[in-house]
$ cat input29.csv   # CSV, C-alpha atoms
chain,number,residue,atom,x,y,z
A,1,MET,CA,-0.4,18.5,8.0
A,2,SER,CA,-0.7,19.5,11.7
A,3,ASP,CA,-2.2,16.1,12.4
A,4,LYS,CA,0.9,14.4,11.1
A,5,ILE,CA,3.1,16.7,13.2
A,6,ILE,CA,1.1,16.0,16.3
A,7,GLN,CA,1.4,12.2,15.6
A,8,THR,CA,5.2,12.6,15.2
A,9,ILE,CA,5.5,14.5,18.5
A,10,THR,CA,3.2,12.0,20.2
A,11,ASP,CA,5.3,9.1,18.9
A,12,PHE,CA,8.5,10.9,20.1
A,13,VAL,CA,7.2,11.3,23.6
A,14,LYS,CA,5.7,7.8,23.7
A,15,GLY,CA,8.9,6.3,22.4
A,16,GLY,CA,10.9,8.0,25.2
A,17,ASP,CA,8.3,7.0,27.9
A,18,HIS,CA,8.5,3.4,26.8
A,19,SER,CA,12.2,3.2,25.8
A,20,ASP,CA,11.0,2.2,22.3
A,21,THR,CA,14.1,2.8,20.2
A,22,VAL,CA,12.3,1.4,17.1
A,23,LEU,CA,9.6,4.0,17.3
A,24,LEU,CA,12.1,6.7,18.1
A,25,ASP,CA,14.3,5.8,15.1
A,26,LYS,CA,11.2,6.1,12.9
A,27,VAL,CA,10.4,9.7,14.0
A,28,LEU,CA,13.9,11.1,14.4
A,29,HIS,CA,15.7,12.5,11.3
A,30,LYS,CA,19.1,10.9,10.6
A,31,ASP,CA,20.7,14.2,11.6
A,32,PHE,CA,18.7,14.6,14.9
A,33,ARG,CA,20.3,16.4,17.8
A,34,VAL,CA,19.4,17.1,21.4
A,35,THR,CA,20.6,20.5,22.4
A,36,ASN,CA,20.6,21.4,26.1
A,37,ASN,CA,22.1,24.2,28.2
A,38,GLY,CA,22.9,23.0,31.7
A,39,PHE,CA,22.3,19.3,30.9
A,40,MET,CA,22.0,17.2,34.1
A,41,GLY,CA,23.7,19.9,36.1
A,42,THR,CA,26.7,20.5,33.8
A,43,ASN,CA,27.8,24.0,32.7
A,44,GLY,CA,27.3,25.1,29.1
A,45,VAL,CA,25.8,23.5,26.1
A,46,THR,CA,25.5,19.8,25.5
A,47,ILE,CA,24.7,18.3,22.1
A,48,ILE,CA,23.8,14.7,21.7
A,49,ASP,CA,23.4,13.1,18.2
A,50,LYS,CA,20.8,10.5,17.2
A,51,GLN,CA,23.0,7.4,17.8
A,52,GLN,CA,24.0,8.6,21.3
A,53,TYR,CA,20.4,9.5,22.1
A,54,LEU,CA,19.1,6.1,21.1
A,55,SER,CA,22.0,4.4,23.0
A,56,ASN,CA,21.1,6.4,26.1
A,57,ILE,CA,17.4,5.3,25.8
A,58,ARG,CA,18.5,1.6,25.4
A,59,GLU,CA,20.8,1.9,28.4
A,60,GLY,CA,18.1,3.5,30.6
A,61,ILE,CA,20.0,6.8,31.0
A,62,PHE,CA,17.0,8.6,29.4
A,63,GLY,CA,13.4,7.7,29.2
A,64,GLY,CA,11.3,4.8,30.7
A,65,LEU,CA,9.1,7.1,32.8
A,66,PRO,CA,5.6,8.0,31.7
A,67,ARG,CA,5.0,11.7,31.1
A,68,THR,CA,1.9,13.8,30.5
A,69,MET,CA,2.2,16.0,27.4
A,70,THR,CA,0.7,19.3,26.6
A,71,ILE,CA,1.4,20.8,23.1
A,72,GLU,CA,1.5,24.6,23.6
A,73,ASN,CA,2.2,25.7,20.1
A,74,ILE,CA,2.7,24.4,16.5
A,75,ASP,CA,4.2,26.7,13.9
A,76,GLU,CA,4.3,25.2,10.4
A,77,THR,CA,5.7,26.7,7.2
A,78,LYS,CA,5.7,24.4,4.2
A,79,THR,CA,8.4,21.8,5.0
A,80,ILE,CA,9.5,23.0,8.4
A,81,ALA,CA,7.7,23.2,11.8
A,82,THR,CA,8.4,23.9,15.4
A,83,VAL,CA,6.5,22.5,18.4
A,84,LYS,CA,6.6,23.7,22.0
A,85,LEU,CA,5.7,21.1,24.6
A,86,ARG,CA,5.3,20.9,28.3
A,87,LEU,CA,6.0,17.4,29.8
A,88,GLU,CA,5.7,16.2,33.3
A,89,SER,CA,6.8,13.0,34.8
A,90,ALA,CA,6.9,11.8,38.4
A,91,GLU,CA,10.5,13.2,38.7
A,92,ASN,CA,10.8,16.1,36.3
A,93,ASN,CA,9.1,19.0,34.5
A,94,PHE,CA,10.2,19.7,30.9
A,95,VAL,CA,9.8,22.5,28.4
A,96,SER,CA,10.7,21.2,25.0
A,97,TYR,CA,11.1,23.0,21.7
A,98,ASN,CA,11.2,20.6,18.7
A,99,SER,CA,12.2,21.4,15.2
A,100,LEU,CA,10.7,19.2,12.5
A,101,VAL,CA,11.4,18.8,8.8
A,102,LEU,CA,9.2,17.2,6.1
A,103,ASP,CA,11.7,14.5,5.0
A,104,THR,CA,12.2,13.0,1.5
A,105,ASP,CA,9.8,10.2,2.3
A,106,ASN,CA,7.1,12.9,2.9
A,107,GLU,CA,7.0,12.1,6.7
A,108,TRP,CA,7.7,14.7,9.4
A,109,LYS,CA,10.9,14.0,11.3
A,110,ILE,CA,12.3,15.7,14.4
A,111,ILE,CA,15.7,17.2,13.7
A,112,ASN,CA,16.3,19.0,16.9
A,113,ASN,CA,15.1,18.8,20.5
A,114,LEU,CA,15.9,21.8,22.6
A,115,ALA,CA,14.8,21.2,26.2
A,116,VAL,CA,15.0,22.5,29.8
A,117,VAL,CA,14.5,19.8,32.4
A,118,GLU,CA,13.9,20.7,36.0
A,119,ALA,CA,13.8,18.1,38.8
A,120,LYS,CA,10.7,18.3,41.0
A,121,LYS,CA,11.4,19.2,44.5
$ encode --input "input29.csv" --output "structure tokens"
Amino acid sequence: MSDKIIQTITDFVKGGDHSDTVLLDKVLHKDFRVTNNGFMGTNGVTIIDKQQYLSNIREGIFGGLPRTMTIENIDETKTIATVKLRLESAENNFVSYNSLVLDTDNEWKIINNLAVVEAKK
């Protein structure tokens, strides 16, 4: 199953890099959330649902910048998995923890993205 998890994560990153909301919609669970602490310089926790996330991608608020991806860890137990990624773009460094579920269509979907984004100096 890890190959399918890797493909889901790869599609998630590629979808963001290319602002491909069709690809993102395919790999994100209907209840997907982005959870961030200190989002874009704000205080506290910010939670963004799937529809707002896809809207932000369409509007160019997120995404559109190629990133290199390194998968640091995959932990899979039956119908759930977590993946730790490091991403780097021309502007930012990311550490991203992604929770996945094996959905009713037998496809892995990302249900939560917990990330730290640091601007490059």
$ residues_around --input "input29.csv" --residues "Val13 (chain A)" --least-positions-apart "5" --cutoff "9 Å" --atoms "only C-alpha atoms" --output "MDAnalysis selection string"
chainID A and resid 8 18 24 66:67 69 87
$ write_last_selection --input "input29.csv" --atoms "C-alpha atoms" --output "short mmCIF file (atom, residue, chain, number, x, y, z; two decimals), in the frame of the given file"
data_model
loop_
_atom_site.label_atom_id
_atom_site.label_comp_id
_atom_site.auth_asym_id
_atom_site.auth_seq_id
_atom_site.Cartn_x
_atom_site.Cartn_y
_atom_site.Cartn_z
CA THR A 8 5.20 12.60 15.20
CA HIS A 18 8.50 3.40 26.80
CA LEU A 24 12.10 6.70 18.10
CA PRO A 66 5.60 8.00 31.70
CA ARG A 67 5.00 11.70 31.10
CA MET A 69 2.20 16.00 27.40
CA LEU A 87 6.00 17.40 29.80
#
$ residues_near_point --input "input29.csv" --point "(16.7, 24.9, 28.9)" --cutoff "9 Å" --atoms "only C-alpha atoms" --output "list in words"
Thr35, Asn36, Asn37, Gly38, Phe39, Phe94, Val95, Ser96, Leu114, Ala115, Val116, Val117 and Glu118 of chain A
$ atom_distance --input "input29.csv" --atom1 "CA of Lys78 (chain A)" --atom2 "CA of Asp31 (chain A)"
19.6 Å
$ atom_distance --input "input29.csv" --atom1 "CA of Asn43 (chain A)" --atom2 "CA of Glu72 (chain A)"
27.8 Å
$ residues_around --input "input29.csv" --residues "Thr79 (chain A)" --least-positions-apart "6" --cutoff "9 Å" --atoms "all atoms listed in the file" --output "ChimeraX atom specification"
/A:100-103,108
$ closest_residue --input "input29.csv" --among "A:Asp105, A:Asn73, A:Glu88, A:Thr68" --to "Ala119 (chain A)" --atoms "only C-alpha atoms"
A:Glu88
$ closest_residue --input "input29.csv" --among "A:Asn113, A:Gln7, A:Gly16, A:Lys84" --to "Ile61 (chain A)" --atoms "all atoms listed in the file"
A:Gly16
$ residues_around --input "input29.csv" --residues "Leu28 (chain A)" --least-positions-apart "2" --cutoff "6 Å" --atoms "all atoms listed in the file" --output "list in words"
Asp25, Lys26, Phe32, Lys109 and Ile110 of chain A
$ closest_residue --input "input29.csv" --among "A:Ala81, A:Tyr53, A:Gly63, A:Ile111" --to "Val27 (chain A)" --atoms "only C-alpha atoms"
A:Ile111
$ closest_residue --input "input29.csv" --among "A:Asn98, A:Asn92, A:Ser2, A:Thr104" --to "Phe62 (chain A)" --atoms "all atoms listed in the file"
A:Asn92
$ build_atoms --input "input29.csv" --residues "region 102-119 of chain A" --atoms "N, CA and C atoms" --output "PDB file, keeping the file's coordinate frame"
ATOM      1  N   LEU A 102       9.943  18.125   6.926  1.00  0.00           N
ATOM      2  CA  LEU A 102       9.200  17.200   6.100  1.00  0.00           C
ATOM      3  C   LEU A 102      10.324  16.461   5.266  1.00  0.00           C
ATOM      4  N   ASP A 103      10.576  15.206   5.567  1.00  0.00           N
ATOM      5  CA  ASP A 103      11.700  14.500   5.000  1.00  0.00           C
ATOM      6  C   ASP A 103      11.380  14.029   3.550  1.00  0.00           C
ATOM      7  N   THR A 104      12.370  13.465   2.893  1.00  0.00           N
ATOM      8  CA  THR A 104      12.200  13.000   1.500  1.00  0.00           C
ATOM      9  C   THR A 104      11.171  11.947   1.327  1.00  0.00           C
ATOM     10  N   ASP A 105      10.828  11.229   2.413  1.00  0.00           N
ATOM     11  CA  ASP A 105       9.800  10.200   2.300  1.00  0.00           C
ATOM     12  C   ASP A 105       8.400  10.792   2.631  1.00  0.00           C
ATOM     13  N   ASN A 106       8.307  12.138   2.663  1.00  0.00           N
ATOM     14  CA  ASN A 106       7.100  12.900   2.900  1.00  0.00           C
ATOM     15  C   ASN A 106       6.522  12.624   4.329  1.00  0.00           C
ATOM     16  N   GLU A 107       7.407  12.285   5.259  1.00  0.00           N
ATOM     17  CA  GLU A 107       7.000  12.100   6.700  1.00  0.00           C
ATOM     18  C   GLU A 107       7.741  13.190   7.492  1.00  0.00           C
ATOM     19  N   TRP A 108       7.052  13.685   8.506  1.00  0.00           N
ATOM     20  CA  TRP A 108       7.700  14.700   9.400  1.00  0.00           C
ATOM     21  C   TRP A 108       8.641  13.944  10.328  1.00  0.00           C
ATOM     22  N   LYS A 109       9.831  14.524  10.461  1.00  0.00           N
ATOM     23  CA  LYS A 109      10.900  14.000  11.300  1.00  0.00           C
ATOM     24  C   LYS A 109      11.375  15.078  12.248  1.00  0.00           C
ATOM     25  N   ILE A 110      11.686  14.701  13.469  1.00  0.00           N
ATOM     26  CA  ILE A 110      12.300  15.700  14.400  1.00  0.00           C
ATOM     27  C   ILE A 110      13.752  15.742  14.148  1.00  0.00           C
ATOM     28  N   ILE A 111      14.240  16.962  13.940  1.00  0.00           N
ATOM     29  CA  ILE A 111      15.700  17.200  13.700  1.00  0.00           C
ATOM     30  C   ILE A 111      16.389  17.765  14.845  1.00  0.00           C
ATOM     31  N   ASN A 112      15.660  18.467  15.716  1.00  0.00           N
ATOM     32  CA  ASN A 112      16.300  19.000  16.900  1.00  0.00           C
ATOM     33  C   ASN A 112      15.311  19.076  18.066  1.00  0.00           C
ATOM     34  N   ASN A 113      15.820  18.737  19.231  1.00  0.00           N
ATOM     35  CA  ASN A 113      15.100  18.800  20.500  1.00  0.00           C
ATOM     36  C   ASN A 113      15.878  19.726  21.405  1.00  0.00           C
ATOM     37  N   LEU A 114      15.303  20.864  21.755  1.00  0.00           N
ATOM     38  CA  LEU A 114      15.900  21.800  22.600  1.00  0.00           C
ATOM     39  C   LEU A 114      15.068  21.858  23.905  1.00  0.00           C
ATOM     40  N   ALA A 115      15.634  21.415  25.025  1.00  0.00           N
ATOM     41  CA  ALA A 115      14.800  21.200  26.200  1.00  0.00           C
ATOM     42  C   ALA A 115      15.438  21.756  27.479  1.00  0.00           C
ATOM     43  N   VAL A 116      14.559  22.130  28.387  1.00  0.00           N
ATOM     44  CA  VAL A 116      15.000  22.500  29.800  1.00  0.00           C
ATOM     45  C   VAL A 116      14.268  21.421  30.638  1.00  0.00           C
ATOM     46  N   VAL A 117      15.050  20.796  31.484  1.00  0.00           N
ATOM     47  CA  VAL A 117      14.500  19.800  32.400  1.00  0.00           C
ATOM     48  C   VAL A 117      14.783  20.247  33.812  1.00  0.00           C
ATOM     49  N   GLU A 118      13.712  20.299  34.610  1.00  0.00           N
ATOM     50  CA  GLU A 118      13.900  20.700  36.000  1.00  0.00           C
ATOM     51  C   GLU A 118      13.339  19.566  36.895  1.00  0.00           C
ATOM     52  N   ALA A 119      14.180  19.148  37.825  1.00  0.00           N
ATOM     53  CA  ALA A 119      13.800  18.100  38.800  1.00  0.00           C
ATOM     54  C   ALA A 119      12.704  18.683  39.700  1.00  0.00           C
TER      55      ALA A 119
END
